[in-house]
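Okay, so here's the structure we're looking at.
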Amino acid sequence: MSTTQEPDIASPKLAGNEDEATATATATCFCGSVQLAFPTEGPGLVNTFICHCKDCHKITASMFSSCFTIANSHLQHVRGRDNLKTFERSHTIASGNTVTSNFCATCGSLMYRVSSGYPGISVLRIGTVDDFNLHETKLRPQDEAFAESRVPWLQGLHREPESK
Ligand SMILES: [Zn+2]
Ligand SMILES: [Zn+2]
């Protein structure tokens with residue numbers, strides 16, 4: 001007859017907020033079927049960036065993508081891995097690499113992309129990360145790719161001064 005119901009999750013460590021002790025966080029698709037877990041610090045976290053390339057326009061149905069890169073050795077599929085669909089494209093912008101998009105078969109959220117030109121890493125999406133604080137802190141984009149393709153009505157990446 002407990003009045004406090006624990007959320008139905010596989011592990012309390014993966015409740016959605018960053019776990020301070022292990023510095024891990026989760027990313028979940030729009031419908032919740034697919035969940036990933038990843039480190040929020042190096043070496044597992046490789047980098048963070050936004051990309052304005054023409055491929056990202058189509059992939060996001062918007063004007064840029066917000067990304068972070070995780071070493072595959074540090075990427076965990078918490079649930080829904082069998083619900084990921086893949087789409088492979090070999091004529092990617094500029095590089096010519098084959099890039100495979102992995103998205104939720106139910107809701108269509110793009111969870112990560114893998115490129116033949118960068119083996120061993122996966123490019124996840126900042127917007128899927130459950131702990132919103134991380135969007136502003138550890139996962140804040142540090143770089144901007146294909147800035148020359150940025151639409152004129154959008155300003156470039158705002159870089160905060162280091163001191164605070
Ligand atoms: Zn989904
Ligand atoms: Zn791009």
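Residue numbering restarts at 1 for every chain of the structure tokens, chains are lettered A, B, ... in their displayed order, and ligands are numbered from 1 as they appear.
Considering only C-alpha atoms and all ligand atoms, the residues that reside within 10 Å of ligand 1 can be listed as Thr28, Cys29, Phe30, Cys31, Gly32, Ser33, Val34, Gln35, Gly80, Asn83, Leu84, Phe103, Cys104, Ala105, Thr106, Cys107, Gly108, Ser109, Leu110 and Met111 of chain A.
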Please write the residues from the selection above to a file, keeping C-alpha atoms, as a short mmCIF file (atom, residue, chain, number, x, y, z; two decimals), in the first residue's frame.
data_model
loop_
_atom_site.label_atom_id
_atom_site.label_comp_id
_atom_site.auth_asym_id
_atom_site.auth_seq_id
_atom_site.Cartn_x
_atom_site.Cartn_y
_atom_site.Cartn_z
CA THR A 28 15.31 8.42 -25.44
CA CYS A 29 13.27 8.60 -28.62
CA PHE A 30 10.02 10.57 -28.81
CA CYS A 31 7.80 7.55 -28.03
CA GLY A 32 10.12 6.05 -25.44
CA SER A 33 10.68 2.69 -27.16
CA VAL A 34 14.40 3.22 -27.68
CA GLN A 35 16.75 4.31 -24.93
CA GLY A 80 14.45 -1.00 -27.92
CA ASN A 83 13.07 -1.36 -32.70
CA LEU A 84 15.81 0.61 -34.46
CA PHE A 103 15.97 5.65 -36.02
CA CYS A 104 13.02 4.43 -33.97
CA ALA A 105 10.71 2.33 -36.14
CA THR A 106 7.72 3.51 -34.12
CA CYS A 107 8.12 7.28 -33.84
CA GLY A 108 10.89 8.01 -36.33
CA SER A 109 13.28 9.76 -33.94
CA LEU A 110 16.80 9.64 -35.29
CA MET A 111 18.91 8.28 -32.44
#
List the neighbours of Thr22 of chain A out to 10 Å using only C-alpha atoms; skip same-chain residues closer than 2 positions along the sequence, and give me the result as a PDB file with C-alpha atoms, in the first residue's frame.
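The file below, around-v7.pdb, is the result:
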ATOM      1  CA  LYS A  13      20.802   4.719 -12.558  1.00  0.00           C
ATOM      2  CA  GLU A  18      22.630  12.456 -15.207  1.00  0.00           C
ATOM      3  CA  ASP A  19      24.140  10.105 -12.667  1.00  0.00           C
ATOM      4  CA  GLU A  20      26.774  12.161 -10.857  1.00  0.00           C
ATOM      5  CA  THR A  24      26.325   8.723 -17.438  1.00  0.00           C
ATOM      6  CA  ALA A  25      23.076   9.905 -18.949  1.00  0.00           C
ATOM      7  CA  PRO A  39      29.069   8.780 -20.639  1.00  0.00           C
ATOM      8  CA  THR A  40      28.957  12.558 -20.319  1.00  0.00           C
ATOM      9  CA  GLU A  41      32.729  12.885 -20.125  1.00  0.00           C
TER      10      GLU A  41
END
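Interatomic distance, atom CA of Leu157 of chain A against atom CA of Arg89 of chain A: 27.7 Å.
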All helix (DSSP H, G or I) residues (DSSP, backbone) inside segment 116-159 of chain A, as a list in words
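Matching residues for helix (DSSP H, G or I) in segment 116-159 of chain A are Ile126, Gly127, Thr128, Asn133, Leu134, His135, Glu136, Ala147, Glu148 and Ser149 of chain A.
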Choose the residue, out of A:Met63, A:Ile121, A:Leu154, A:Ala71, that has the smallest atom-to-atom separation from ligand 2; count only C-alpha atoms and all ligand atoms.
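Of all the options, A:Met63 lies closest to ligand 2.
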Hey, which bits of chain A sit within 10 Å of ligand 2, and for each residue what's the closest pair of atoms and how far apart in Å (one decimal), counting only C-alpha atoms and all ligand atoms, rows by chain and increasing number, as JSON lines?
{"residue": "A:Phe49", "atom": "CA", "partner": "ligand 2", "partner_atom_place_in_ligand_line": "1 (Zn)", "distance": 9.8}
{"residue": "A:Ile50", "atom": "CA", "partner": "ligand 2", "partner_atom_place_in_ligand_line": "1 (Zn)", "distance": 7.7}
{"residue": "A:Cys51", "atom": "CA", "partner": "ligand 2", "partner_atom_place_in_ligand_line": "1 (Zn)", "distance": 4.4}
{"residue": "A:His52", "atom": "CA", "partner": "ligand 2", "partner_atom_place_in_ligand_line": "1 (Zn)", "distance": 5.3}
{"residue": "A:Cys53", "atom": "CA", "partner": "ligand 2", "partner_atom_place_in_ligand_line": "1 (Zn)", "distance": 4.0}
{"residue": "A:Lys54", "atom": "CA", "partner": "ligand 2", "partner_atom_place_in_ligand_line": "1 (Zn)", "distance": 6.5}
{"residue": "A:Asp55", "atom": "CA", "partner": "ligand 2", "partner_atom_place_in_ligand_line": "1 (Zn)", "distance": 5.5}
{"residue": "A:Cys56", "atom": "CA", "partner": "ligand 2", "partner_atom_place_in_ligand_line": "1 (Zn)", "distance": 4.2}
{"residue": "A:His57", "atom": "CA", "partner": "ligand 2", "partner_atom_place_in_ligand_line": "1 (Zn)", "distance": 7.4}
{"residue": "A:Lys58", "atom": "CA", "partner": "ligand 2", "partner_atom_place_in_ligand_line": "1 (Zn)", "distance": 9.3}
{"residue": "A:Ile59", "atom": "CA", "partner": "ligand 2", "partner_atom_place_in_ligand_line": "1 (Zn)", "distance": 8.5}
{"residue": "A:Thr60", "atom": "CA", "partner": "ligand 2", "partner_atom_place_in_ligand_line": "1 (Zn)", "distance": 9.4}
{"residue": "A:Met63", "atom": "CA", "partner": "ligand 2", "partner_atom_place_in_ligand_line": "1 (Zn)", "distance": 9.5}
{"residue": "A:Phe64", "atom": "CA", "partner": "ligand 2", "partner_atom_place_in_ligand_line": "1 (Zn)", "distance": 7.0}
{"residue": "A:Ser65", "atom": "CA", "partner": "ligand 2", "partner_atom_place_in_ligand_line": "1 (Zn)", "distance": 6.5}
{"residue": "A:Ser66", "atom": "CA", "partner": "ligand 2", "partner_atom_place_in_ligand_line": "1 (Zn)", "distance": 9.1}
{"residue": "A:Cys67", "atom": "CA", "partner": "ligand 2", "partner_atom_place_in_ligand_line": "1 (Zn)", "distance": 9.2}
{"residue": "A:Thr92", "atom": "CA", "partner": "ligand 2", "partner_atom_place_in_ligand_line": "1 (Zn)", "distance": 9.1}
{"residue": "A:Ile93", "atom": "CA", "partner": "ligand 2", "partner_atom_place_in_ligand_line": "1 (Zn)", "distance": 7.8}
{"residue": "A:Ala94", "atom": "CA", "partner": "ligand 2", "partner_atom_place_in_ligand_line": "1 (Zn)", "distance": 9.9}
{"residue": "A:Glu144", "atom": "CA", "partner": "ligand 2", "partner_atom_place_in_ligand_line": "1 (Zn)", "distance": 9.7}
{"residue": "A:Ala145", "atom": "CA", "partner": "ligand 2", "partner_atom_place_in_ligand_line": "1 (Zn)", "distance": 7.0}
{"residue": "A:Phe146", "atom": "CA", "partner": "ligand 2", "partner_atom_place_in_ligand_line": "1 (Zn)", "distance": 7.1}
{"residue": "A:Ala147", "atom": "CA", "partner": "ligand 2", "partner_atom_place_in_ligand_line": "1 (Zn)", "distance": 9.9}
{"residue": "A:Ser149", "atom": "CA", "partner": "ligand 2", "partner_atom_place_in_ligand_line": "1 (Zn)", "distance": 9.5}
Those same residues - C-alpha atoms - I'd like them written as a PDB file, in the first residue's frame.
ATOM      1  CA  PHE A  49      28.802  20.119 -32.481  1.00  0.00           C
ATOM      2  CA  ILE A  50      26.043  21.435 -34.667  1.00  0.00           C
ATOM      3  CA  CYS A  51      25.987  20.759 -38.403  1.00  0.00           C
ATOM      4  CA  HIS A  52      24.438  22.860 -41.156  1.00  0.00           C
ATOM      5  CA  CYS A  53      25.140  20.534 -44.089  1.00  0.00           C
ATOM      6  CA  LYS A  54      22.501  19.824 -46.732  1.00  0.00           C
ATOM      7  CA  ASP A  55      22.143  16.240 -45.548  1.00  0.00           C
ATOM      8  CA  CYS A  56      21.291  17.470 -42.053  1.00  0.00           C
ATOM      9  CA  HIS A  57      18.614  19.739 -43.496  1.00  0.00           C
ATOM     10  CA  LYS A  58      16.841  16.691 -44.880  1.00  0.00           C
ATOM     11  CA  ILE A  59      17.576  14.358 -42.003  1.00  0.00           C
ATOM     12  CA  THR A  60      16.284  16.750 -39.357  1.00  0.00           C
ATOM     13  CA  MET A  63      18.050  23.633 -40.771  1.00  0.00           C
ATOM     14  CA  PHE A  64      20.762  22.075 -38.610  1.00  0.00           C
ATOM     15  CA  SER A  65      21.497  19.073 -36.438  1.00  0.00           C
ATOM     16  CA  SER A  66      22.698  19.153 -32.818  1.00  0.00           C
ATOM     17  CA  CYS A  67      25.086  16.290 -32.258  1.00  0.00           C
ATOM     18  CA  THR A  92      26.907  11.799 -48.263  1.00  0.00           C
ATOM     19  CA  ILE A  93      27.771  15.431 -48.465  1.00  0.00           C
ATOM     20  CA  ALA A  94      31.444  16.187 -49.108  1.00  0.00           C
ATOM     21  CA  GLU A 144      29.970  24.226 -35.925  1.00  0.00           C
ATOM     22  CA  ALA A 145      30.271  22.149 -39.101  1.00  0.00           C
ATOM     23  CA  PHE A 146      29.396  23.334 -42.624  1.00  0.00           C
ATOM     24  CA  ALA A 147      28.820  26.876 -41.380  1.00  0.00           C
ATOM     25  CA  SER A 149      25.535  26.163 -45.481  1.00  0.00           C
TER      26      SER A 149
END
